[in-house]
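What follows is the content of structure.cif (mmCIF, C-alpha atoms and all ligand atoms).
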```cif
data_coords
loop_
_atom_site.label_atom_id
_atom_site.label_comp_id
_atom_site.auth_asym_id
_atom_site.auth_seq_id
_atom_site.Cartn_x
_atom_site.Cartn_y
_atom_site.Cartn_z
CA MET A 1 -14.51 25.74 9.76
CA SER A 2 -15.47 22.52 11.59
CA PHE A 3 -12.88 19.79 12.15
CA MET A 4 -13.05 17.51 9.09
CA MET A 5 -13.62 13.77 9.43
CA ILE A 6 -13.53 11.52 6.38
CA ALA A 7 -14.08 7.75 6.52
CA ILE A 8 -12.98 5.63 3.56
CA ASP A 9 -13.82 1.92 3.36
CA GLY A 10 -13.68 -0.81 0.78
CA PRO A 11 -12.32 -4.24 -0.11
CA ALA A 12 -8.63 -5.02 -0.78
CA GLY A 13 -7.26 -3.48 -3.95
CA ALA A 14 -10.19 -1.13 -4.67
CA GLY A 15 -7.93 1.95 -4.53
CA LYS A 16 -9.06 3.37 -1.19
CA GLY A 17 -5.50 3.93 0.06
CA THR A 18 -4.54 5.90 -3.05
CA LEU A 19 -7.72 7.97 -2.80
CA ALA A 20 -7.20 8.61 0.93
CA ARG A 21 -3.61 9.82 0.32
CA HIS A 22 -4.78 12.23 -2.38
CA LEU A 23 -7.64 13.60 -0.26
CA ALA A 24 -5.29 14.01 2.72
CA HIS A 25 -3.02 16.11 0.52
CA ILE A 26 -5.79 18.18 -1.11
CA TYR A 27 -7.64 18.98 2.13
CA HIS A 28 -4.65 19.06 4.45
CA LEU A 29 -5.70 16.14 6.65
CA ASN A 30 -3.89 13.70 8.92
CA HIS A 31 -4.16 10.25 7.32
CA LEU A 32 -4.22 6.84 8.99
CA ASP A 33 -4.19 3.68 6.86
CA THR A 34 -5.85 1.42 9.46
CA GLY A 35 -4.96 -1.76 7.54
CA LEU A 36 -1.39 -1.10 8.70
CA LEU A 37 -2.47 -1.71 12.30
CA TYR A 38 -3.80 -5.17 11.48
CA ARG A 39 -0.76 -5.82 9.33
CA ALA A 40 1.54 -4.76 12.21
CA VAL A 41 -0.16 -7.30 14.49
CA ALA A 42 0.32 -10.01 11.84
CA LEU A 43 3.98 -9.05 11.35
CA LYS A 44 4.66 -9.22 15.11
CA MET A 45 3.13 -12.68 15.16
CA VAL A 46 5.22 -13.85 12.20
CA GLU A 47 8.36 -12.49 13.88
CA GLY A 48 7.43 -14.29 17.11
CA SER A 49 6.61 -17.52 15.17
CA GLU A 50 3.11 -17.44 16.68
CA ASP A 51 0.20 -19.63 15.63
CA PHE A 52 -2.40 -17.50 13.79
CA ALA A 53 -5.27 -19.39 15.40
CA ASP A 54 -3.95 -18.44 18.85
CA LYS A 55 -6.21 -15.61 19.98
CA GLU A 56 -4.17 -14.84 23.13
CA ALA A 57 -1.01 -14.40 21.04
CA ALA A 58 -2.90 -12.04 18.71
CA ILE A 59 -4.17 -10.03 21.70
CA ARG A 60 -0.63 -9.77 23.10
CA ALA A 61 0.67 -8.56 19.74
CA ALA A 62 -2.18 -6.04 19.35
CA SER A 63 -1.67 -4.59 22.82
CA SER A 64 2.00 -3.90 22.06
CA ILE A 65 1.38 -1.92 18.82
CA ARG A 66 2.84 1.61 18.78
CA ALA A 67 2.93 4.24 16.02
CA VAL A 68 6.54 3.30 15.20
CA ASP A 69 5.42 -0.26 14.29
CA LEU A 70 3.51 1.15 11.31
CA LYS A 71 6.71 2.17 9.52
CA SER A 72 8.14 -1.24 8.57
CA SER A 73 8.34 -1.80 4.81
CA SER A 74 7.49 -5.53 5.31
CA LEU A 75 3.95 -4.50 6.27
CA ARG A 76 3.11 -4.05 2.59
CA ASP A 77 3.85 -7.69 1.72
CA GLU A 78 0.92 -9.53 0.17
CA ALA A 79 1.30 -12.41 2.64
CA ILE A 80 1.13 -10.04 5.63
CA GLY A 81 -2.12 -8.56 4.24
CA ASN A 82 -3.65 -12.01 4.02
CA LEU A 83 -2.48 -12.94 7.53
CA ALA A 84 -3.85 -9.62 8.85
CA SER A 85 -7.31 -10.63 7.71
CA GLU A 86 -6.95 -13.87 9.71
CA ILE A 87 -6.47 -12.08 13.05
CA ALA A 88 -8.91 -9.25 12.22
CA PRO A 89 -12.00 -11.27 13.31
CA PHE A 90 -10.84 -11.48 16.98
CA PRO A 91 -13.06 -8.96 18.86
CA GLU A 92 -10.37 -8.24 21.50
CA VAL A 93 -7.82 -7.41 18.79
CA ARG A 94 -10.33 -5.07 17.12
CA ALA A 95 -11.13 -3.37 20.45
CA LEU A 96 -7.43 -2.67 21.11
CA LEU A 97 -6.89 -1.31 17.61
CA LEU A 98 -10.10 0.73 17.85
CA ASN A 99 -8.57 2.63 20.80
CA PHE A 100 -5.50 3.40 18.70
CA GLN A 101 -7.66 4.69 15.81
CA ARG A 102 -9.90 6.87 18.00
CA ASP A 103 -6.85 8.33 19.77
CA PHE A 104 -5.37 9.17 16.39
CA ALA A 105 -8.59 10.94 15.36
CA LYS A 106 -8.76 12.86 18.65
CA HIS A 107 -5.15 13.95 18.98
CA THR A 108 -4.43 15.10 15.48
CA SER A 109 -2.19 18.11 14.94
CA SER A 110 -3.95 21.46 15.13
CA ARG A 111 -2.07 22.49 11.96
CA LYS A 112 -4.24 20.04 10.00
CA GLN A 113 -7.87 20.61 9.01
CA GLY A 114 -8.98 17.21 10.24
CA VAL A 115 -8.50 13.47 9.76
CA ILE A 116 -9.02 10.82 7.11
CA LEU A 117 -8.98 7.12 8.00
CA ASP A 118 -9.22 4.27 5.51
CA GLY A 119 -10.01 0.63 6.19
CA ARG A 120 -12.98 -1.75 6.39
CA ASP A 121 -15.12 -0.53 9.31
CA ILE A 122 -14.34 3.18 9.53
CA GLY A 123 -17.75 4.52 8.51
CA VAL A 124 -19.73 1.97 10.50
CA VAL A 125 -17.63 1.45 13.66
CA VAL A 126 -14.56 3.69 14.05
CA LEU A 127 -15.94 7.08 12.98
CA PRO A 128 -19.71 6.62 12.54
CA GLU A 129 -20.07 10.33 13.31
CA ALA A 130 -17.92 11.32 10.28
CA PRO A 131 -20.08 13.52 8.02
CA CYS A 132 -18.21 12.33 4.95
CA LYS A 133 -18.07 8.59 4.22
CA ILE A 134 -16.92 7.02 0.97
CA TYR A 135 -17.08 3.33 0.09
CA VAL A 136 -14.61 2.51 -2.69
CA THR A 137 -15.19 -0.71 -4.57
CA ALA A 138 -14.37 -2.49 -7.86
CA SER A 139 -15.04 -5.93 -9.31
CA SER A 140 -12.78 -8.68 -7.98
CA GLU A 141 -11.43 -9.24 -11.52
CA VAL A 142 -10.36 -5.60 -11.89
CA ARG A 143 -8.82 -5.60 -8.41
CA ALA A 144 -6.90 -8.81 -9.18
CA LYS A 145 -5.53 -7.27 -12.40
CA ARG A 146 -4.38 -4.15 -10.52
CA ARG A 147 -2.77 -6.28 -7.80
CA LEU A 148 -1.00 -8.42 -10.37
CA LYS A 149 0.43 -5.32 -12.05
CA GLU A 150 1.70 -4.01 -8.68
CA LEU A 151 3.29 -7.38 -7.90
CA HIS A 152 4.99 -7.50 -11.30
CA GLN A 153 6.26 -3.93 -10.83
CA LYS A 154 7.82 -5.07 -7.55
CA GLY A 155 9.46 -7.94 -9.45
CA ILE A 156 7.25 -10.55 -7.77
CA ASP A 157 6.18 -13.42 -9.99
CA SER A 158 2.49 -14.29 -9.73
CA ILE A 159 -0.32 -15.47 -11.99
CA TYR A 160 -3.74 -13.89 -12.46
CA GLU A 161 -5.69 -16.94 -11.24
CA ALA A 162 -3.77 -17.12 -7.94
CA THR A 163 -4.11 -13.36 -7.35
CA LEU A 164 -7.86 -13.50 -8.06
CA ALA A 165 -8.26 -16.46 -5.69
CA ASP A 166 -6.39 -14.52 -2.93
CA ILE A 167 -8.60 -11.46 -3.44
CA LYS A 168 -11.77 -13.57 -3.26
CA ALA A 169 -10.60 -15.41 -0.14
CA ARG A 170 -9.71 -12.11 1.59
CA ASP A 171 -13.09 -10.59 0.61
CA ALA A 172 -14.88 -13.60 2.07
CA ARG A 173 -12.98 -13.31 5.39
CA ASP A 174 -13.45 -9.53 5.60
CA ARG A 175 -17.17 -9.64 4.70
CA ARG A 176 -18.27 -12.72 6.61
CA ARG A 177 -16.67 -12.13 9.99
CA LYS A 178 -19.14 -11.54 12.82
CA VAL A 179 -17.47 -8.45 14.31
CA SER A 180 -17.28 -5.30 12.17
CA PRO A 181 -17.56 -6.96 8.76
CA LEU A 182 -16.76 -4.95 5.66
CA ARG A 183 -19.90 -3.11 4.56
CA PRO A 184 -20.79 0.40 3.46
CA ALA A 185 -22.35 2.82 5.95
CA LYS A 186 -25.92 3.81 5.04
CA ASP A 187 -24.88 7.39 4.29
CA ALA A 188 -21.71 6.53 2.32
CA LEU A 189 -21.06 7.60 -1.25
CA ILE A 190 -20.48 4.37 -3.20
CA LEU A 191 -17.64 4.82 -5.69
CA ASP A 192 -17.19 1.89 -8.08
CA THR A 193 -13.73 2.36 -9.56
CA SER A 194 -13.89 -0.63 -11.98
CA GLU A 195 -14.25 1.62 -15.02
CA LEU A 196 -12.66 4.80 -13.62
CA GLY A 197 -9.13 6.19 -13.76
CA ILE A 198 -7.60 7.69 -10.63
CA ASP A 199 -8.29 11.29 -11.77
CA ASP A 200 -12.01 10.56 -12.17
CA VAL A 201 -12.13 8.85 -8.77
CA ILE A 202 -10.48 11.87 -7.12
CA GLU A 203 -12.80 14.29 -8.90
CA LYS A 204 -15.96 12.45 -7.81
CA ALA A 205 -14.69 12.10 -4.24
CA CYS A 206 -13.75 15.82 -4.05
CA HIS A 207 -17.17 16.79 -5.32
CA PHE A 208 -18.70 14.81 -2.45
CA VAL A 209 -16.26 16.17 0.17
CA ASP A 210 -16.92 19.75 -1.03
CA SER A 211 -20.67 19.18 -0.62
CA LYS A 212 -20.08 18.23 3.04
CA TYR A 213 -17.38 20.83 3.76
CA PRO A 214 -17.91 23.79 1.40
CA GLU A 215 -15.10 25.85 3.00
CA ALA A 216 -12.51 23.07 3.07
CA ARG A 217 -10.50 23.83 -0.08
CA LYS A 218 -10.10 27.49 0.87
CA GLY A 219 -8.95 26.43 4.34
CA ALA A 220 -6.44 23.97 2.90
CA LEU A 221 -4.92 26.72 0.76
CA HIS A 222 -4.50 28.96 3.81
CA SER A 223 -3.14 26.23 6.08
CA SER A 224 -0.45 25.25 3.58
CA GLU A 225 0.69 28.85 2.99
O1 LIG B 301 -6.40 -2.61 3.82
P1 LIG B 301 -5.37 -3.72 4.05
O2 LIG B 301 -5.23 -4.65 2.90
O3 LIG B 301 -4.05 -3.17 4.47
O4 LIG B 301 -5.94 -4.57 5.31
C1 LIG B 301 -5.38 -5.79 5.72
C2 LIG B 301 -6.41 -6.56 6.52
O5 LIG B 301 -6.63 -5.92 7.78
C3 LIG B 301 -7.79 -6.68 5.89
O6 LIG B 301 -7.89 -7.77 5.01
C4 LIG B 301 -8.68 -6.83 7.09
C5 LIG B 301 -7.99 -6.06 8.18
N1 LIG B 301 -8.58 -4.74 8.40
C6 LIG B 301 -9.72 -4.67 9.17
O7 LIG B 301 -10.24 -5.71 9.57
N2 LIG B 301 -10.26 -3.46 9.48
C7 LIG B 301 -9.72 -2.32 9.03
N3 LIG B 301 -10.27 -1.14 9.37
C8 LIG B 301 -8.57 -2.36 8.21
C9 LIG B 301 -8.02 -3.59 7.89
#
```

Can you give me the file's structure in the form of structure tokens?
Ligand code: DC
Amino acid sequence: MSFMMIAIDGPAGAGKGTLARHLAHIYHLNHLDTGLLYRAVALKMVEGSEDFADKEAAIRAASSIRAVDLKSSSLRDEAIGNLASEIAPFPEVRALLLNFQRDFAKHTSSRKQGVILDGRDIGVVVLPEAPCKIYVTASSEVRAKRRLKELHQKGIDSIYEATLADIKARDARDRRRKVSPLRPAKDALILDTSELGIDDVIEKACHFVDSKYPEARKGALHSSE
């Protein structure tokens, strides 16, 4: 069977990370959440008390990112996600992180059937050659409600209006930047999850993956034996 390549993109809070984790498990793929790279740059800058408008500082932080930097639990903080989208427009930062992502895709373990990357520009820029591209989206109101629930579960106090405003501001930054803005690839399956539960999302995505890689499920069974 050919080496699998799946590209997942979408705005913040659409559920692309959850979907990517499930697909990685089902098809036995190596998964990279590429948002963590941008978050790791932002975290380094916070730790170094850097100015987020300082491009050179962002480039320095991006050039020092190693796989181990993606493990910090602080990366998941809402504030770090928002700061990540502030340094994401710098072309030099994107170029450095692009190298990391392509290396990951190239040097994946031979025990896996392939790779799955999720982010904003995977289908259009990072892995345009991926036969299987999925763009996961949902209305900003639904995404804000999901985010709010996650924040409350973590014991973080927030109100719906503020969460919705954050989501809209992040969307605007991710969609309007000049370099690699968030947009679906022409050949992507568009999955609007506003009205769907996670099981339905997984089922629709698997149907699409199976149409691109008809042997993949059989292979995943054998490789996990
Ligand atoms: O998916 P996330 O929330 O972890 O991403 C955080 C920010 O990182 C996002 O708002 C923009 C940036 N990002 C990007 O520009 N390109 C990617 N492939 C992934 C994330």

Excluding Ile6 (chain A) and its own-chain neighbours fewer than 4 positions away, which residues fall within 6 Å of it when counting only C-alpha atoms? Please give them as a ChimeraX atom specification.
/A:116,130,132-133

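Here the question is which of A:Gly10, A:Gly17, A:Gly81, A:Pro184 gets nearest to ligand LIG 301 (chain B) using only C-alpha atoms and all ligand atoms, and that residue is A:Gly81.
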
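Residues of protein, DNA or RNA having any atom at most 6 Å from ligand LIG 301 (chain B), counting all atoms listed in the file, are Ala12, Thr34, Gly35, Leu36, Tyr38, Arg39, Gly81, Ala84, Ser85, Ala88, Gly119, Arg120, Asp121, Ile122, Arg170 and Asp174 of chain A.
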
Name the closest residue to Leu127 (chain A) among the candidates A:Arg102, A:Lys218, A:Arg94, A:Arg21; distances are taken between atoms, counting all atoms listed in the file.
A:Arg102

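The space between CA of Asn99 (chain A) and CA of Tyr27 (chain A) spans 24.8 Å.
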
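Residue nearest Gln101 (chain A) within the list A:Val124, A:Leu23, A:Leu32, A:Leu83: A:Leu32 [criterion: smallest interatomic distance, all atoms listed in the file].
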
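Take CA of Arg143 (chain A) and CA of Ala162 (chain A): the distance between them is 12.6 Å.
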
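Distance annotation: of A:Ala58, A:Val115, A:Met1, A:Ala105, the residue with the minimal separation from Asn30 (chain A) is A:Val115; atom set is all atoms listed in the file.
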
Smallest atom-to-atom distance to Leu182 (chain A): which of A:Leu19, A:Ile80, A:Val125, A:Ile167, using only C-alpha atoms?
A:Val125

So which residues are close to (-24.2, 7.6, 3.9), meaning at most 12 Å away in the file's coordinates with all atoms listed in the file counted, and can you show them as an mmCIF file with C-alpha atoms, in the coordinates of the input?
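Result file result.cif:
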```cif
data_model
loop_
_atom_site.group_PDB
_atom_site.id
_atom_site.type_symbol
_atom_site.label_atom_id
_atom_site.label_comp_id
_atom_site.auth_asym_id
_atom_site.auth_seq_id
_atom_site.Cartn_x
_atom_site.Cartn_y
_atom_site.Cartn_z
ATOM 1 C CA ILE A 6 -13.530 11.520 6.380
ATOM 2 C CA ALA A 7 -14.080 7.750 6.520
ATOM 3 C CA ILE A 8 -12.980 5.630 3.560
ATOM 4 C CA ASP A 9 -13.820 1.920 3.360
ATOM 5 C CA GLY A 123 -17.750 4.520 8.510
ATOM 6 C CA VAL A 124 -19.730 1.970 10.500
ATOM 7 C CA PRO A 128 -19.710 6.620 12.540
ATOM 8 C CA GLU A 129 -20.070 10.330 13.310
ATOM 9 C CA ALA A 130 -17.920 11.320 10.280
ATOM 10 C CA PRO A 131 -20.080 13.520 8.020
ATOM 11 C CA CYS A 132 -18.210 12.330 4.950
ATOM 12 C CA LYS A 133 -18.070 8.590 4.220
ATOM 13 C CA ILE A 134 -16.920 7.020 0.970
ATOM 14 C CA TYR A 135 -17.080 3.330 0.090
ATOM 15 C CA ARG A 183 -19.900 -3.110 4.560
ATOM 16 C CA PRO A 184 -20.790 0.400 3.460
ATOM 17 C CA ALA A 185 -22.350 2.820 5.950
ATOM 18 C CA LYS A 186 -25.920 3.810 5.040
ATOM 19 C CA ASP A 187 -24.880 7.390 4.290
ATOM 20 C CA ALA A 188 -21.710 6.530 2.320
ATOM 21 C CA LEU A 189 -21.060 7.600 -1.250
ATOM 22 C CA ILE A 190 -20.480 4.370 -3.200
ATOM 23 C CA LEU A 191 -17.640 4.820 -5.690
ATOM 24 C CA PHE A 208 -18.700 14.810 -2.450
ATOM 25 C CA LYS A 212 -20.080 18.230 3.040
#
```

Of the candidates A:Leu37, A:Ile87, A:Met5, A:Ile59, which one gets nearest to Ala24 (chain A) if we count all atoms listed in the file?
A:Met5

What's the 12 Å shell around Asp51 (chain A), counting all atoms listed in the file, without same-chain residues fewer than 3 positions away, as a PDB file with C-alpha atoms, keeping the file's coordinate frame?
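Dumped to result.pdb:
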```
ATOM      1  CA  ALA A  42       0.320 -10.010  11.840  1.00  0.00           C
ATOM      2  CA  LYS A  44       4.660  -9.220  15.110  1.00  0.00           C
ATOM      3  CA  MET A  45       3.130 -12.680  15.160  1.00  0.00           C
ATOM      4  CA  VAL A  46       5.220 -13.850  12.200  1.00  0.00           C
ATOM      5  CA  GLU A  47       8.360 -12.490  13.880  1.00  0.00           C
ATOM      6  CA  GLY A  48       7.430 -14.290  17.110  1.00  0.00           C
ATOM      7  CA  ASP A  54      -3.950 -18.440  18.850  1.00  0.00           C
ATOM      8  CA  LYS A  55      -6.210 -15.610  19.980  1.00  0.00           C
ATOM      9  CA  GLU A  56      -4.170 -14.840  23.130  1.00  0.00           C
ATOM     10  CA  ALA A  57      -1.010 -14.400  21.040  1.00  0.00           C
ATOM     11  CA  ALA A  58      -2.900 -12.040  18.710  1.00  0.00           C
ATOM     12  CA  ALA A  61       0.670  -8.560  19.740  1.00  0.00           C
ATOM     13  CA  LEU A  83      -2.480 -12.940   7.530  1.00  0.00           C
ATOM     14  CA  GLU A  86      -6.950 -13.870   9.710  1.00  0.00           C
ATOM     15  CA  ILE A  87      -6.470 -12.080  13.050  1.00  0.00           C
TER      16      ILE A  87
END
```

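Residue neighbourhood of Cys206 (chain A), excluding near-sequence residues (fewer than 3 positions): Leu19, His22, Leu23, Ile26, Tyr27, Asp200, Val201, Ile202, Glu203, Val209, Asp210, Ser211, Lys212, Tyr213 and Arg217 of chain A, at 10 Å, using all atoms listed in the file.
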
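The coordinates place CA of Arg76 (chain A) at 21.8 Å from CA of Ser139 (chain A).
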
Taking 5 positions as the minimum chain separation for residues in the same chain, which residues sit within 9 Å of Thr163 (chain A) when counting all atoms listed in the file? Answer as a VMD selection string.
chain A and resid 144 to 145 147 to 148 158 168
